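One structure is given below, encoded as structure tokens.
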Amino acid sequence: EFWVVKSEKVKIQGVYMGTKWTHGLAATSKIVVSGSFVNNRKIVVGSLETGAITVDGQPVLTGFPSTYNMDGMATLRYDANGELVDQADHTPASKKIVHLDLPGHVTITVMRWKNYIDFKIEMPHQPGIDGSCGNFNGRVDDDTTEQIMERIGARVADGDLLFQHRHTVEFTPEMQAMLTQQCTGVALSKAQAECGQELPAPSAASTNTMNSCLFDHCFGYNQHALRTAKTYGV
């Protein structure tokens, strides 16, 4: 679990998981939206294979198309309307899009596919914002993956987790081979030191979680990671 948006009022976390379509590299599996701006309610939207869309653990938008009114402060819609953020190979007939019209002029559009989601967040600048989307301070040089991890950690701390439970971290033999052969020496030592600082306890004690963090640090900043992964069958 990672912070997508971490701010005083708006909190969005995501589960990033590998799929066969991305050769093991991470795609977003689901997101949870919460924070004081929605009275700390929790809205979870994931891929089609992750199950129902929920609010506070209860299924909503069970029909298609459908609309759900969240106590008059927010409207959730599920239909086939809207532009895709990633056209890929999808046909218009396959579109299943969730629209979250939330307080404070926050709108989130989630495109649900079989085993991943695409999403777009639109909102005014938030005080103290950080996360995968950056800190929006007008500088691009301090929003690298490495710098974001250094500021907010490699994973969401256990006490800050918005999902009902931790998700299983899978570390495949192919990923292990890639880590063993290409993440060595200074790069490995640096990754181990950073993961030791960034991973929340007790998550850091998990071998799979630690290896996943090392993998992120060694290859997560590599723009050619997908091409490299293919050579290992990841």
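Each chain of the structure tokens is named A, B, ... in the order shown, its residues numbered from 1; ligands are numbered from 1 in display order.
Summary of the local environment: counting only C-alpha atoms, residues at most 12 Å from stretch 57-69 of chain A, other than itself and those fewer than 6 positions away along its chain, are Val32, Arg41, Lys42, Ile43, Val44, Val45, Leu48, Gly51, Thr75, Leu76, Arg77, Tyr78, Asp79, Ala80, Asn81, Lys95, Lys96, Ile97, Val98, His99, Leu100, Asp101, Leu102, Leu162, Phe163, Gln164 and His165 of chain A.
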Residues from the last selection, N, CA and C atoms, saved as a PDB file, in the first residue's frame:
ATOM      1  N   VAL A  32      -8.316   3.645  -2.029  1.00  0.00           N
ATOM      2  CA  VAL A  32      -9.254   3.990  -0.963  1.00  0.00           C
ATOM      3  C   VAL A  32      -9.168   5.501  -0.761  1.00  0.00           C
ATOM      4  N   ARG A  41     -15.208   8.919   6.104  1.00  0.00           N
ATOM      5  CA  ARG A  41     -15.786   7.739   5.450  1.00  0.00           C
ATOM      6  C   ARG A  41     -14.712   7.136   4.539  1.00  0.00           C
ATOM      7  N   LYS A  42     -14.870   5.873   4.162  1.00  0.00           N
ATOM      8  CA  LYS A  42     -13.870   5.206   3.327  1.00  0.00           C
ATOM      9  C   LYS A  42     -14.533   4.642   2.065  1.00  0.00           C
ATOM     10  N   ILE A  43     -14.078   5.140   0.925  1.00  0.00           N
ATOM     11  CA  ILE A  43     -14.596   4.703  -0.372  1.00  0.00           C
ATOM     12  C   ILE A  43     -13.512   3.865  -1.044  1.00  0.00           C
ATOM     13  N   VAL A  44     -13.821   2.635  -1.397  1.00  0.00           N
ATOM     14  CA  VAL A  44     -12.845   1.749  -2.025  1.00  0.00           C
ATOM     15  C   VAL A  44     -13.331   1.371  -3.425  1.00  0.00           C
ATOM     16  N   VAL A  45     -12.469   1.605  -4.414  1.00  0.00           N
ATOM     17  CA  VAL A  45     -12.764   1.227  -5.797  1.00  0.00           C
ATOM     18  C   VAL A  45     -11.560   0.466  -6.327  1.00  0.00           C
ATOM     19  N   LEU A  48     -12.022  -5.010 -11.568  1.00  0.00           N
ATOM     20  CA  LEU A  48     -13.198  -5.873 -11.591  1.00  0.00           C
ATOM     21  C   LEU A  48     -12.984  -7.149 -10.789  1.00  0.00           C
ATOM     22  N   GLY A  51     -13.503  -7.223  -6.671  1.00  0.00           N
ATOM     23  CA  GLY A  51     -14.803  -7.279  -6.014  1.00  0.00           C
ATOM     24  C   GLY A  51     -15.557  -5.960  -6.037  1.00  0.00           C
ATOM     25  N   THR A  75     -21.625  12.307  -4.399  1.00  0.00           N
ATOM     26  CA  THR A  75     -22.365  11.461  -5.334  1.00  0.00           C
ATOM     27  C   THR A  75     -21.391  10.549  -6.061  1.00  0.00           C
ATOM     28  N   LEU A  76     -21.709   9.269  -6.082  1.00  0.00           N
ATOM     29  CA  LEU A  76     -20.897   8.275  -6.777  1.00  0.00           C
ATOM     30  C   LEU A  76     -21.728   7.730  -7.939  1.00  0.00           C
ATOM     31  N   ARG A  77     -21.144   7.709  -9.130  1.00  0.00           N
ATOM     32  CA  ARG A  77     -21.833   7.199 -10.313  1.00  0.00           C
ATOM     33  C   ARG A  77     -20.988   6.115 -10.980  1.00  0.00           C
ATOM     34  N   TYR A  78     -21.683   5.142 -11.560  1.00  0.00           N
ATOM     35  CA  TYR A  78     -21.011   4.032 -12.230  1.00  0.00           C
ATOM     36  C   TYR A  78     -21.662   3.851 -13.590  1.00  0.00           C
ATOM     37  N   ASP A  79     -20.901   4.142 -14.648  1.00  0.00           N
ATOM     38  CA  ASP A  79     -21.465   4.060 -15.990  1.00  0.00           C
ATOM     39  C   ASP A  79     -20.349   3.900 -17.024  1.00  0.00           C
ATOM     40  N   ALA A  80     -20.694   4.103 -18.271  1.00  0.00           N
ATOM     41  CA  ALA A  80     -19.715   3.953 -19.356  1.00  0.00           C
ATOM     42  C   ALA A  80     -19.345   5.290 -19.971  1.00  0.00           C
ATOM     43  N   ASN A  81     -19.633   6.373 -19.266  1.00  0.00           N
ATOM     44  CA  ASN A  81     -19.401   7.708 -19.804  1.00  0.00           C
ATOM     45  C   ASN A  81     -18.047   8.249 -19.385  1.00  0.00           C
ATOM     46  N   LYS A  95     -15.973  -0.064 -21.396  1.00  0.00           N
ATOM     47  CA  LYS A  95     -15.742   0.948 -20.362  1.00  0.00           C
ATOM     48  C   LYS A  95     -16.659   0.746 -19.159  1.00  0.00           C
ATOM     49  N   LYS A  96     -16.059   0.707 -17.990  1.00  0.00           N
ATOM     50  CA  LYS A  96     -16.789   0.707 -16.722  1.00  0.00           C
ATOM     51  C   LYS A  96     -16.108   1.754 -15.840  1.00  0.00           C
ATOM     52  N   ILE A  97     -16.763   2.906 -15.710  1.00  0.00           N
ATOM     53  CA  ILE A  97     -16.118   4.066 -15.098  1.00  0.00           C
ATOM     54  C   ILE A  97     -16.882   4.514 -13.855  1.00  0.00           C
ATOM     55  N   VAL A  98     -16.142   4.721 -12.771  1.00  0.00           N
ATOM     56  CA  VAL A  98     -16.710   5.223 -11.522  1.00  0.00           C
ATOM     57  C   VAL A  98     -16.347   6.696 -11.387  1.00  0.00           C
ATOM     58  N   HIS A  99     -17.366   7.521 -11.146  1.00  0.00           N
ATOM     59  CA  HIS A  99     -17.173   8.963 -10.978  1.00  0.00           C
ATOM     60  C   HIS A  99     -17.448   9.317  -9.520  1.00  0.00           C
ATOM     61  N   LEU A 100     -16.466   9.880  -8.836  1.00  0.00           N
ATOM     62  CA  LEU A 100     -16.639  10.311  -7.449  1.00  0.00           C
ATOM     63  C   LEU A 100     -16.678  11.834  -7.425  1.00  0.00           C
ATOM     64  N   ASP A 101     -17.851  12.398  -7.165  1.00  0.00           N
ATOM     65  CA  ASP A 101     -18.001  13.849  -7.025  1.00  0.00           C
ATOM     66  C   ASP A 101     -18.041  14.148  -5.541  1.00  0.00           C
ATOM     67  N   LEU A 102     -16.927  14.643  -5.004  1.00  0.00           N
ATOM     68  CA  LEU A 102     -16.718  14.741  -3.572  1.00  0.00           C
ATOM     69  C   LEU A 102     -16.676  16.189  -3.101  1.00  0.00           C
ATOM     70  N   LEU A 162      -5.562   2.830   5.578  1.00  0.00           N
ATOM     71  CA  LEU A 162      -6.990   3.064   5.391  1.00  0.00           C
ATOM     72  C   LEU A 162      -7.724   1.809   4.928  1.00  0.00           C
ATOM     73  N   PHE A 163      -7.028   0.900   4.272  1.00  0.00           N
ATOM     74  CA  PHE A 163      -7.635  -0.366   3.869  1.00  0.00           C
ATOM     75  C   PHE A 163      -7.909  -1.211   5.122  1.00  0.00           C
ATOM     76  N   GLN A 164      -8.834  -2.154   5.014  1.00  0.00           N
ATOM     77  CA  GLN A 164      -9.192  -2.971   6.160  1.00  0.00           C
ATOM     78  C   GLN A 164      -8.069  -3.897   6.596  1.00  0.00           C
ATOM     79  N   HIS A 165      -7.175  -4.238   5.678  1.00  0.00           N
ATOM     80  CA  HIS A 165      -6.081  -5.137   6.017  1.00  0.00           C
ATOM     81  C   HIS A 165      -4.935  -4.920   5.030  1.00  0.00           C
TER      82      HIS A 165
END
Residue nearest A:Leu161 among A:Gly46, A:Gly72, A:Pro200, A:Pro103 (counting only C-alpha atoms): A:Pro200
Residue nearest A:Ser212 - candidates A:Asp158, A:Asp86, A:Glu1, A:Glu150, atoms counted: only C-alpha atoms: A:Glu1
Test item, strand (DSSP E or B) assignment across stretch 1-149 of chain A, answer as a PyMOL selection string: chain A and resi 2-6+11-18+26-34+43-46+53-55+58-60+66-70+74-79+97-102+106-112+117-122+130
Show me, as a CSV table (one decimal) with N, CA, C and O atoms, in the first residue's frame, the residues that have an atom within 9 Å of A:Ile152 when counting only C-alpha atoms, minus same-chain residues fewer than 5 positions from it.
chain,number,residue,atom,x,y,z
A,3,TRP,N,0.9,5.8,-0.4
A,3,TRP,CA,0.2,7.0,-0.4
A,3,TRP,C,0.1,7.6,-1.8
A,3,TRP,O,1.1,7.8,-2.5
A,6,LYS,N,-1.4,12.3,0.2
A,6,LYS,CA,-1.4,12.5,1.7
A,6,LYS,C,-1.4,14.0,2.0
A,6,LYS,O,-0.5,14.7,1.7
A,130,ASP,N,1.4,15.5,-0.3
A,130,ASP,CA,2.5,14.7,-0.8
A,130,ASP,C,2.0,13.4,-1.3
A,130,ASP,O,0.8,13.2,-1.2
A,131,GLY,N,2.8,12.5,-1.8
A,131,GLY,CA,2.4,11.2,-2.2
A,131,GLY,C,2.9,10.9,-3.6
A,131,GLY,O,3.7,11.7,-4.2
A,147,GLN,N,12.8,10.5,-4.0
A,147,GLN,CA,12.6,11.5,-3.0
A,147,GLN,C,11.3,11.5,-2.3
A,147,GLN,O,11.1,11.8,-1.2
A,198,GLU,N,12.6,3.4,5.7
A,198,GLU,CA,11.2,3.7,5.2
A,198,GLU,C,10.1,2.8,5.5
A,198,GLU,O,9.0,3.2,5.6
